[in-house]
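Novice: Dropping the structure in here first, questions after.
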Amino acid sequence: MTNSTKILISGASGLIGTSLIRASGANQISLTRLVRKSRPESQQEICWSPQFSPAMADAAQLEGFDAVIHLSGANIGAHRWTAAYKREIVESRVQSTHALAQLLAGLKNPPRAFLCASATGIYGNRGDEILTESSAPGSGFLAETCVQWEAAAQPAKDAGIRVVHLRFGAGLSLEGGALAKLLPIFRMGLGGKLGSGKQWMSWMSLPDVVSAIFHIIQEAQLSGPVNMVSPILVTNAEFTRTLANVLHRPAIFPVPAFALRIVVGEMADEAVLASTRVLPARLAETGFHFQHARLALALETLLAKTA
């Protein structure tokens with residue numbers, strides 16, 4: 001990619017979005033933010049309101065971008081899953097994706113690629129089953145949400161735009177997400193496996209996430225779902241041991257499944273205790289190179305920045 005590549009991104013203030021912005025600056029890529037504001041604060045911002053129709057007064061502002069990356073959506077781990085918050089999780093994803101897909105479909109000069117966030121949660125709790133992009137969706141709230149989320153991009157696909165569903169696993173970063181929450185606990189030697197620890201965890205280092213997104217933009221043959229995970233997966237027990245070893249701390253305080261259910265409710269079984277053994281078949285087919293295929297290397301590299 002060169003500085004002539006123009007990318008539009010929604011959800012730019014999130015963990016992945018901010019990392020993409022930093023990387024685009026280093027690679028001299030022109031990146032514009034799609035934001036929910038009444039007026040832009042710079043030339044690198046375009047405003048919209050996906051909850052309204054039309055979502056944008058002047059859709060012509062979206063003309064001429066090479067790719068659009070849509071990352072917006074309420075954080076599934078921000079609150080306990082009440083009925084109201086579950087509605088917000090679904091609506092924030094489905095509504096905004098459909099609105100943006102419709103806007104892009106109506107352009108005279110649409111983007112060549114529309115990359116939409118999704119999640120490995122689409123596979124549900126599948127135990128030891130090996131899952132690739134060709135695997136069928138599972139059951140449960142997260143799986144059903146992801147199915148609706150991906151379907152919402154159909155207007156763009158119908159218009160001939162290459163649509164990619166980025167099925168994210170757990171992104172490893174010191175700036176946010178699960179790892180950032182676990183680090184203080186493990187550094188005090190109070191870490192341990194969650195539930196039985198036998199559940200598979202699909203993960204990917206944040207630097208690899210960013211590199212994979214740029215890779216997908218360049219790979220014109222990539223469309224449909226793409227699993228954004230490392231090729232070397234671990235169980236929760238293996239993740240726990242590896243993190244503890246890298247920190248030179250014990251990990252002897254397991255958290256029982258019943259305690260997790262008391263603390264976080266439905267999310268415990270849907271996200272924390274669910275087993276998703278997902279492989280990145282599409283990335284492998286297109287020759288993507290992982291900087292951090294192994295968990296120990298990923299953690300050592302990230303934690304070296306705080307040493």
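Just remember, in the structure tokens the first chain shown is A, the second B, etc., residues are 1-based per chain, and ligands are 1-based in the order shown.
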Excluding Ala117 (chain A) and residues on its chain fewer than 2 positions from it, collect all residues at most 8 Å away from it, counting only C-alpha atoms, and give them as a list in words.
Specialist: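 Everything that qualifies: Ile69, His70, Leu71, Ser72, Leu115, Ala119, His165, Leu166, Arg167 and Phe168 of chain A.
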Novice: Excluding same-chain residues fewer than 5 positions from region 6-13 of chain A, what lies within 9 Å of it counting only C-alpha atoms, as a list in words?
Specialist: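 The contact residues come out as Thr18, Ser19, Leu20, Ile21, Ile29, Ser30, Leu31, Thr32, Arg33, Leu34, Val35, Ile46, Leu62, Gly64, Phe65, Asp66, Ala67, Val68, Ile69, His70, Leu71, Ser72, Gly73 and Pro111 of chain A.
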Novice: Kindly save the residues from that selection, with C-alpha atoms included, as a PDB file, in the first residue's frame.
Specialist:
ATOM      1  CA  THR A  18      -6.484   3.614  17.021  1.00  0.00           C
ATOM      2  CA  SER A  19      -3.868   1.022  16.096  1.00  0.00           C
ATOM      3  CA  LEU A  20      -4.837   1.271  12.433  1.00  0.00           C
ATOM      4  CA  ILE A  21      -4.546   5.057  12.564  1.00  0.00           C
ATOM      5  CA  ILE A  29      -1.674   5.906   4.026  1.00  0.00           C
ATOM      6  CA  SER A  30      -4.465   8.481   3.791  1.00  0.00           C
ATOM      7  CA  LEU A  31      -7.008   7.553   6.459  1.00  0.00           C
ATOM      8  CA  THR A  32     -10.284   9.382   7.149  1.00  0.00           C
ATOM      9  CA  ARG A  33     -12.480   8.780  10.202  1.00  0.00           C
ATOM     10  CA  LEU A  34     -16.246   8.304   9.963  1.00  0.00           C
ATOM     11  CA  VAL A  35     -17.551   9.778  13.219  1.00  0.00           C
ATOM     12  CA  ILE A  46     -16.686  12.764   7.955  1.00  0.00           C
ATOM     13  CA  LEU A  62     -17.830   8.880   0.597  1.00  0.00           C
ATOM     14  CA  GLY A  64     -13.382   7.746  -4.082  1.00  0.00           C
ATOM     15  CA  PHE A  65     -12.176   5.689  -1.135  1.00  0.00           C
ATOM     16  CA  ASP A  66     -10.200   2.540  -1.969  1.00  0.00           C
ATOM     17  CA  ALA A  67     -11.469   0.697   1.113  1.00  0.00           C
ATOM     18  CA  VAL A  68     -13.877   1.203   3.996  1.00  0.00           C
ATOM     19  CA  ILE A  69     -13.273  -0.462   7.375  1.00  0.00           C
ATOM     20  CA  HIS A  70     -16.320  -0.631   9.643  1.00  0.00           C
ATOM     21  CA  LEU A  71     -15.504  -1.383  13.293  1.00  0.00           C
ATOM     22  CA  SER A  72     -18.390   0.268  15.184  1.00  0.00           C
ATOM     23  CA  GLY A  73     -20.342  -1.613  17.838  1.00  0.00           C
ATOM     24  CA  PRO A 111     -14.769   1.487  -2.621  1.00  0.00           C
TER      25      PRO A 111
END
Novice: Which of these, A:Met228, A:Ala281, A:Ile161, A:Ala259, has the shortest distance to Gly121 (chain A) once you count only C-alpha atoms?
Specialist: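 Looking only at the distances to Gly121 (chain A), the closest residue turns out to be A:Met228.
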Novice: What lies within 12 Å of Glu285 (chain A) using only C-alpha atoms, ignoring chain neighbours under 2 positions off, as a PyMOL selection string?
Specialist: chain A and resi 132-133+216+219+221-222+226-227+231+279-283+287-289
Novice: Can you write just those residues out, N, CA, C and O atoms, as a CSV table (one decimal), in the first residue's frame?
Specialist:
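Contents of part_33.csv, freshly written:
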chain,number,residue,atom,x,y,z
A,132,THR,N,-13.2,-23.5,10.7
A,132,THR,CA,-12.7,-22.6,9.7
A,132,THR,C,-13.8,-21.7,9.1
A,132,THR,O,-15.0,-21.8,9.6
A,133,GLU,N,-13.5,-20.9,8.2
A,133,GLU,CA,-14.5,-20.0,7.6
A,133,GLU,C,-15.6,-20.7,6.9
A,133,GLU,O,-16.7,-20.2,6.8
A,216,ILE,N,-5.5,-7.9,3.8
A,216,ILE,CA,-6.9,-8.2,3.2
A,216,ILE,C,-7.2,-7.1,2.2
A,216,ILE,O,-7.8,-7.4,1.1
A,219,GLU,N,-5.4,-8.0,-1.0
A,219,GLU,CA,-5.7,-9.3,-1.6
A,219,GLU,C,-7.1,-9.2,-2.2
A,219,GLU,O,-8.1,-9.5,-1.6
A,221,GLN,N,-8.7,-11.1,-4.0
A,221,GLN,CA,-9.5,-12.4,-4.1
A,221,GLN,C,-10.1,-12.8,-2.8
A,221,GLN,O,-10.9,-13.7,-2.7
A,222,LEU,N,-9.8,-12.0,-1.7
A,222,LEU,CA,-10.4,-12.3,-0.4
A,222,LEU,C,-11.7,-11.7,-0.2
A,222,LEU,O,-11.8,-10.4,-0.3
A,226,VAL,N,-13.3,-13.9,7.1
A,226,VAL,CA,-11.9,-14.2,7.3
A,226,VAL,C,-11.7,-14.3,8.8
A,226,VAL,O,-11.9,-13.3,9.6
A,227,ASN,N,-11.2,-15.4,9.3
A,227,ASN,CA,-10.9,-15.6,10.7
A,227,ASN,C,-9.7,-14.8,11.1
A,227,ASN,O,-8.6,-15.1,10.6
A,231,PRO,N,-2.7,-19.0,14.1
A,231,PRO,CA,-2.8,-20.3,13.7
A,231,PRO,C,-2.5,-21.3,14.8
A,231,PRO,O,-2.7,-22.5,14.6
A,279,LEU,N,-9.4,-21.7,13.3
A,279,LEU,CA,-8.2,-21.5,12.5
A,279,LEU,C,-8.3,-20.5,11.4
A,279,LEU,O,-9.4,-20.4,10.8
A,280,PRO,N,-7.2,-19.8,11.1
A,280,PRO,CA,-7.3,-18.7,10.0
A,280,PRO,C,-7.0,-19.3,8.6
A,280,PRO,O,-6.0,-18.9,8.0
A,281,ALA,N,-7.9,-20.1,8.1
A,281,ALA,CA,-7.6,-20.8,6.9
A,281,ALA,C,-7.5,-19.8,5.7
A,281,ALA,O,-6.6,-20.0,4.8
A,282,ARG,N,-8.3,-18.8,5.6
A,282,ARG,CA,-8.3,-17.8,4.5
A,282,ARG,C,-7.0,-17.0,4.5
A,282,ARG,O,-6.4,-16.7,3.5
A,283,LEU,N,-6.5,-16.6,5.7
A,283,LEU,CA,-5.3,-15.9,5.8
A,283,LEU,C,-4.1,-16.8,5.3
A,283,LEU,O,-3.2,-16.3,4.6
A,287,GLY,N,-1.2,-16.5,2.1
A,287,GLY,CA,0.2,-16.3,2.4
A,287,GLY,C,0.5,-15.2,3.4
A,287,GLY,O,1.6,-14.6,3.5
A,288,PHE,N,-0.5,-14.9,4.3
A,288,PHE,CA,-0.2,-13.9,5.3
A,288,PHE,C,0.8,-14.4,6.3
A,288,PHE,O,0.8,-15.6,6.8
A,289,HIS,N,1.8,-13.5,6.7
A,289,HIS,CA,2.8,-13.9,7.6
A,289,HIS,C,2.5,-13.4,9.0
A,289,HIS,O,2.3,-12.2,9.2
Novice: Please identify the alpha helix (DSSP H) residues within region 86-181 of chain A (assignment by DSSP from backbone atoms) and present them as an MDAnalysis selection string.
Specialist: chainID A and resid 86:105 141:151 154:158 177:181
Novice: Would you mind writing down, as a VMD selection string, each residue of region 110-283 of chain A that DSSP on the backbone assigns to strand (DSSP E or B)?
Specialist: chain A and resid 113 to 119 130 to 131 162 to 168 170 to 172 194 200 to 201 203 to 205 224 to 228 234 to 235 255 277 to 278
Novice: Output N, CA and C atoms for every residue in that selection, as a JSON list (two decimals), in the first residue's frame.
Specialist:
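Final output, out.json:
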[["chain", "number", "residue", "atom", "x", "y", "z"],
["A", 113, "ALA", "N", -13.27, -2.33, -1.62],
["A", 113, "ALA", "CA", -13.42, -3.30, -0.52],
["A", 113, "ALA", "C", -14.15, -2.67, 0.67],
["A", 114, "PHE", "N", -15.02, -3.45, 1.26],
["A", 114, "PHE", "CA", -15.75, -3.05, 2.47],
["A", 114, "PHE", "C", -15.48, -4.10, 3.52],
["A", 115, "LEU", "N", -14.65, -3.76, 4.52],
["A", 115, "LEU", "CA", -14.27, -4.68, 5.58],
["A", 115, "LEU", "C", -15.11, -4.39, 6.81],
["A", 116, "CYS", "N", -15.89, -5.37, 7.23],
["A", 116, "CYS", "CA", -16.80, -5.20, 8.36],
["A", 116, "CYS", "C", -16.38, -6.08, 9.53],
["A", 117, "ALA", "N", -16.38, -5.51, 10.71],
["A", 117, "ALA", "CA", -16.06, -6.30, 11.90],
["A", 117, "ALA", "C", -17.13, -7.36, 12.13],
["A", 118, "SER", "N", -16.69, -8.51, 12.59],
["A", 118, "SER", "CA", -17.55, -9.58, 13.07],
["A", 118, "SER", "C", -16.76, -10.26, 14.20],
["A", 119, "ALA", "N", -17.08, -11.47, 14.55],
["A", 119, "ALA", "CA", -16.38, -12.11, 15.66],
["A", 119, "ALA", "C", -16.44, -13.63, 15.55],
["A", 130, "ILE", "N", -12.65, -28.38, 15.27],
["A", 130, "ILE", "CA", -11.82, -27.43, 14.53],
["A", 130, "ILE", "C", -12.71, -26.64, 13.58],
["A", 131, "LEU", "N", -12.62, -25.32, 13.65],
["A", 131, "LEU", "CA", -13.52, -24.45, 12.90],
["A", 131, "LEU", "C", -12.74, -23.58, 11.92],
["A", 162, "ARG", "N", -16.54, -5.71, -2.94],
["A", 162, "ARG", "CA", -15.95, -6.87, -2.25],
["A", 162, "ARG", "C", -16.14, -6.69, -0.74],
["A", 163, "VAL", "N", -16.93, -7.55, -0.15],
["A", 163, "VAL", "CA", -17.24, -7.47, 1.27],
["A", 163, "VAL", "C", -16.48, -8.55, 2.03],
["A", 164, "VAL", "N", -15.79, -8.15, 3.10],
["A", 164, "VAL", "CA", -15.05, -9.07, 3.95],
["A", 164, "VAL", "C", -15.55, -8.94, 5.38],
["A", 165, "HIS", "N", -15.85, -10.07, 6.01],
["A", 165, "HIS", "CA", -16.29, -10.08, 7.40],
["A", 165, "HIS", "C", -15.10, -10.47, 8.28],
["A", 166, "LEU", "N", -14.60, -9.54, 9.06],
["A", 166, "LEU", "CA", -13.43, -9.77, 9.91],
["A", 166, "LEU", "C", -13.88, -10.44, 11.21],
["A", 167, "ARG", "N", -13.73, -11.75, 11.27],
["A", 167, "ARG", "CA", -14.17, -12.48, 12.45],
["A", 167, "ARG", "C", -13.06, -12.48, 13.50],
["A", 168, "PHE", "N", -13.10, -11.47, 14.35],
["A", 168, "PHE", "CA", -12.05, -11.26, 15.34],
["A", 168, "PHE", "C", -12.16, -12.25, 16.50],
["A", 170, "ALA", "N", -9.90, -12.93, 20.31],
["A", 170, "ALA", "CA", -9.44, -12.03, 21.36],
["A", 170, "ALA", "C", -8.16, -11.33, 20.89],
["A", 171, "GLY", "N", -8.20, -10.02, 20.81],
["A", 171, "GLY", "CA", -7.01, -9.26, 20.41],
["A", 171, "GLY", "C", -6.12, -8.99, 21.62],
["A", 172, "LEU", "N", -4.86, -9.36, 21.51],
["A", 172, "LEU", "CA", -3.94, -9.18, 22.64],
["A", 172, "LEU", "C", -3.25, -7.83, 22.54],
["A", 194, "LEU", "N", -9.84, -20.15, 34.05],
["A", 194, "LEU", "CA", -11.25, -19.82, 34.19],
["A", 194, "LEU", "C", -12.09, -21.07, 33.93],
["A", 200, "TRP", "N", -11.12, -23.74, 24.35],
["A", 200, "TRP", "CA", -10.15, -23.19, 23.41],
["A", 200, "TRP", "C", -10.33, -21.70, 23.27],
["A", 201, "MET", "N", -9.21, -20.99, 23.17],
["A", 201, "MET", "CA", -9.22, -19.54, 23.01],
["A", 201, "MET", "C", -8.66, -19.16, 21.64],
["A", 203, "TRP", "N", -7.15, -16.29, 19.55],
["A", 203, "TRP", "CA", -6.50, -15.02, 19.89],
["A", 203, "TRP", "C", -5.63, -14.55, 18.72],
["A", 204, "MET", "N", -5.22, -13.28, 18.79],
["A", 204, "MET", "CA", -4.32, -12.73, 17.79],
["A", 204, "MET", "C", -3.69, -11.47, 18.38],
["A", 205, "SER", "N", -2.41, -11.30, 18.19],
["A", 205, "SER", "CA", -1.77, -10.08, 18.69],
["A", 205, "SER", "C", -2.28, -8.88, 17.90],
["A", 224, "GLY", "N", -15.87, -12.42, 1.79],
["A", 224, "GLY", "CA", -16.59, -13.26, 2.74],
["A", 224, "GLY", "C", -15.90, -13.28, 4.09],
["A", 225, "PRO", "N", -16.13, -14.31, 4.89],
["A", 225, "PRO", "CA", -15.55, -14.35, 6.24],
["A", 225, "PRO", "C", -14.05, -14.63, 6.22],
["A", 226, "VAL", "N", -13.34, -13.95, 7.11],
["A", 226, "VAL", "CA", -11.91, -14.20, 7.33],
["A", 226, "VAL", "C", -11.67, -14.26, 8.83],
["A", 227, "ASN", "N", -11.19, -15.39, 9.32],
["A", 227, "ASN", "CA", -10.92, -15.55, 10.75],
["A", 227, "ASN", "C", -9.66, -14.80, 11.14],
["A", 228, "MET", "N", -9.80, -13.86, 12.04],
["A", 228, "MET", "CA", -8.69, -13.03, 12.48],
["A", 228, "MET", "C", -8.14, -13.61, 13.78],
["A", 234, "VAL", "N", -4.64, -21.99, 21.82],
["A", 234, "VAL", "CA", -4.36, -22.52, 23.15],
["A", 234, "VAL", "C", -5.68, -22.67, 23.90],
["A", 235, "THR", "N", -5.67, -23.55, 24.88],
["A", 235, "THR", "CA", -6.79, -23.61, 25.81],
["A", 235, "THR", "C", -6.61, -22.51, 26.84],
["A", 255, "VAL", "N", -10.69, -19.70, 38.82],
["A", 255, "VAL", "CA", -12.00, -19.09, 39.06],
["A", 255, "VAL", "C", -13.07, -20.09, 38.62],
["A", 277, "ARG", "N", -12.38, -23.24, 18.73],
["A", 277, "ARG", "CA", -11.09, -23.69, 18.20],
["A", 277, "ARG", "C", -11.03, -23.29, 16.72],
["A", 278, "VAL", "N", -10.77, -22.01, 16.50],
["A", 278, "VAL", "CA", -10.89, -21.41, 15.17],
["A", 278, "VAL", "C", -9.52, -21.25, 14.50]]
Novice: Could you name the residues that touch Asp58 (chain A) at 10 Å or less, counting only C-alpha atoms, but leaving out those on the same chain fewer than 2 positions away, as a VMD selection string?
Specialist: chain A and resid 47 to 48 54 to 56 60 to 62 103
Novice: Just write the chosen residues, N, CA, C and O atoms, as an mmCIF file, in the first residue's frame.
Specialist:
data_model
loop_
_atom_site.group_PDB
_atom_site.id
_atom_site.type_symbol
_atom_site.label_atom_id
_atom_site.label_comp_id
_atom_site.auth_asym_id
_atom_site.auth_seq_id
_atom_site.Cartn_x
_atom_site.Cartn_y
_atom_site.Cartn_z
ATOM 1 N N CYS A 47 -18.804 13.151 9.083
ATOM 2 C CA CYS A 47 -19.825 12.892 10.095
ATOM 3 C C CYS A 47 -21.020 12.128 9.526
ATOM 4 O O CYS A 47 -21.399 12.308 8.365
ATOM 5 N N TRP A 48 -21.587 11.287 10.377
ATOM 6 C CA TRP A 48 -22.801 10.584 9.996
ATOM 7 C C TRP A 48 -23.618 10.238 11.235
ATOM 8 O O TRP A 48 -23.129 10.347 12.373
ATOM 9 N N PRO A 54 -31.966 9.700 6.123
ATOM 10 C CA PRO A 54 -30.688 9.109 5.720
ATOM 11 C C PRO A 54 -29.621 9.284 6.791
ATOM 12 O O PRO A 54 -29.714 10.179 7.642
ATOM 13 N N ALA A 55 -28.621 8.423 6.764
ATOM 14 C CA ALA A 55 -27.555 8.469 7.765
ATOM 15 C C ALA A 55 -26.592 9.621 7.524
ATOM 16 O O ALA A 55 -25.816 9.970 8.410
ATOM 17 N N MET A 56 -26.643 10.193 6.327
ATOM 18 C CA MET A 56 -25.716 11.268 5.961
ATOM 19 C C MET A 56 -26.397 12.180 4.957
ATOM 20 O O MET A 56 -27.039 11.706 4.001
ATOM 21 N N ALA A 60 -22.038 11.956 -1.063
ATOM 22 C CA ALA A 60 -20.944 12.148 -2.016
ATOM 23 C C ALA A 60 -19.590 12.271 -1.314
ATOM 24 O O ALA A 60 -18.544 12.066 -1.934
ATOM 25 N N GLN A 61 -19.615 12.575 -0.031
ATOM 26 C CA GLN A 61 -18.367 12.646 0.746
ATOM 27 C C GLN A 61 -17.654 11.303 0.792
ATOM 28 O O GLN A 61 -16.461 11.237 1.072
ATOM 29 N N LEU A 62 -18.395 10.233 0.529
ATOM 30 C CA LEU A 62 -17.830 8.880 0.597
ATOM 31 C C LEU A 62 -17.270 8.404 -0.734
ATOM 32 O O LEU A 62 -16.741 7.290 -0.820
ATOM 33 N N LEU A 103 -25.278 3.221 1.940
ATOM 34 C CA LEU A 103 -24.623 4.439 1.451
ATOM 35 C C LEU A 103 -23.579 4.095 0.392
ATOM 36 O O LEU A 103 -23.512 4.728 -0.659
#
Novice: With only C-alpha atoms as the counted atoms, please give the residues lying no more than 12 Å from Phe290 (chain A), apart from itself and same-chain residues fewer than 5 positions off, as a PyMOL selection string.
Specialist: chain A and resi 204-212+215+228-232+280+283-284+295+297-298
Novice: Extract, using only C-alpha atoms, all DNA, RNA and protein residues at most 7 Å from Gln95 (chain A), discarding same-chain residues fewer than 3 positions from it, and format them as an MDAnalysis selection string.
Specialist: chainID A and resid 50:51 91:92 98:99
Novice: Keeping all heavy atoms, export the residues of the selection given above as a PDB file, in the first residue's frame.
Specialist:
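Final output, out.pdb:
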ATOM      1  N   PRO A  50     -25.923   6.999  11.887  1.00  0.00           N
ATOM      2  CA  PRO A  50     -26.517   5.756  11.366  1.00  0.00           C
ATOM      3  C   PRO A  50     -27.870   5.403  11.948  1.00  0.00           C
ATOM      4  O   PRO A  50     -28.588   4.565  11.387  1.00  0.00           O
ATOM      5  CB  PRO A  50     -25.464   4.703  11.706  1.00  0.00           C
ATOM      6  CG  PRO A  50     -24.698   5.274  12.848  1.00  0.00           C
ATOM      7  CD  PRO A  50     -24.669   6.749  12.610  1.00  0.00           C
ATOM      8  N   GLN A  51     -28.240   6.026  13.070  1.00  0.00           N
ATOM      9  CA  GLN A  51     -29.540   5.737  13.660  1.00  0.00           C
ATOM     10  C   GLN A  51     -30.674   6.471  12.944  1.00  0.00           C
ATOM     11  O   GLN A  51     -31.851   6.207  13.194  1.00  0.00           O
ATOM     12  CB  GLN A  51     -29.540   6.096  15.154  1.00  0.00           C
ATOM     13  CG  GLN A  51     -29.523   7.590  15.471  1.00  0.00           C
ATOM     14  CD  GLN A  51     -28.111   8.147  15.526  1.00  0.00           C
ATOM     15  OE1 GLN A  51     -27.191   7.649  14.887  1.00  0.00           O
ATOM     16  NE2 GLN A  51     -27.935   9.212  16.310  1.00  0.00           N
ATOM     17  N   GLU A  91     -28.250  -3.841  17.926  1.00  0.00           N
ATOM     18  CA  GLU A  91     -28.617  -2.692  17.104  1.00  0.00           C
ATOM     19  C   GLU A  91     -27.405  -1.865  16.697  1.00  0.00           C
ATOM     20  O   GLU A  91     -27.345  -1.363  15.573  1.00  0.00           O
ATOM     21  CB  GLU A  91     -29.638  -1.828  17.838  1.00  0.00           C
ATOM     22  CG  GLU A  91     -31.006  -2.501  17.979  1.00  0.00           C
ATOM     23  CD  GLU A  91     -31.961  -1.701  18.834  1.00  0.00           C
ATOM     24  OE1 GLU A  91     -31.571  -0.602  19.308  1.00  0.00           O
ATOM     25  OE2 GLU A  91     -33.106  -2.172  19.038  1.00  0.00           O
ATOM     26  N   SER A  92     -26.441  -1.713  17.604  1.00  0.00           N
ATOM     27  CA  SER A  92     -25.272  -0.900  17.283  1.00  0.00           C
ATOM     28  C   SER A  92     -24.465  -1.505  16.147  1.00  0.00           C
ATOM     29  O   SER A  92     -23.772  -0.793  15.417  1.00  0.00           O
ATOM     30  CB  SER A  92     -24.381  -0.739  18.523  1.00  0.00           C
ATOM     31  OG  SER A  92     -23.804  -1.988  18.909  1.00  0.00           O
ATOM     32  N   HIS A  98     -25.760  -1.910   8.138  1.00  0.00           N
ATOM     33  CA  HIS A  98     -26.730  -1.817   7.046  1.00  0.00           C
ATOM     34  C   HIS A  98     -26.775  -0.402   6.476  1.00  0.00           C
ATOM     35  O   HIS A  98     -26.823  -0.213   5.242  1.00  0.00           O
ATOM     36  CB  HIS A  98     -28.118  -2.236   7.523  1.00  0.00           C
ATOM     37  CG  HIS A  98     -29.107  -2.411   6.418  1.00  0.00           C
ATOM     38  ND1 HIS A  98     -30.035  -1.448   6.108  1.00  0.00           N
ATOM     39  CD2 HIS A  98     -29.292  -3.421   5.534  1.00  0.00           C
ATOM     40  CE1 HIS A  98     -30.759  -1.858   5.074  1.00  0.00           C
ATOM     41  NE2 HIS A  98     -30.341  -3.048   4.711  1.00  0.00           N
ATOM     42  N   ALA A  99     -26.746   0.597   7.363  1.00  0.00           N
ATOM     43  CA  ALA A  99     -26.785   1.987   6.904  1.00  0.00           C
ATOM     44  C   ALA A  99     -25.568   2.322   6.046  1.00  0.00           C
ATOM     45  O   ALA A  99     -25.692   2.946   4.983  1.00  0.00           O
ATOM     46  CB  ALA A  99     -26.851   2.931   8.112  1.00  0.00           C
TER      47      ALA A  99
END
Novice: So, with only C-alpha atoms as the atoms that count, which of A:Arg112, A:Lys198, A:Arg93, A:Arg126 lies closest to Ala257 (chain A)?
Specialist: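 Between A:Arg112, A:Lys198, A:Arg93, A:Arg126, the residue approaching Ala257 (chain A) most closely is A:Lys198.
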Novice: Return the single residue from A:Ile252, A:Leu174, A:Leu142, A:Ile122 that is closest to Thr301 (chain A), with distances computed using only C-alpha atoms.
Specialist: A:Leu174
Novice: Mind pulling up the distance from CA of Asn27 (chain A) to CA of Leu104 (chain A)?
Specialist: 25.5 Å
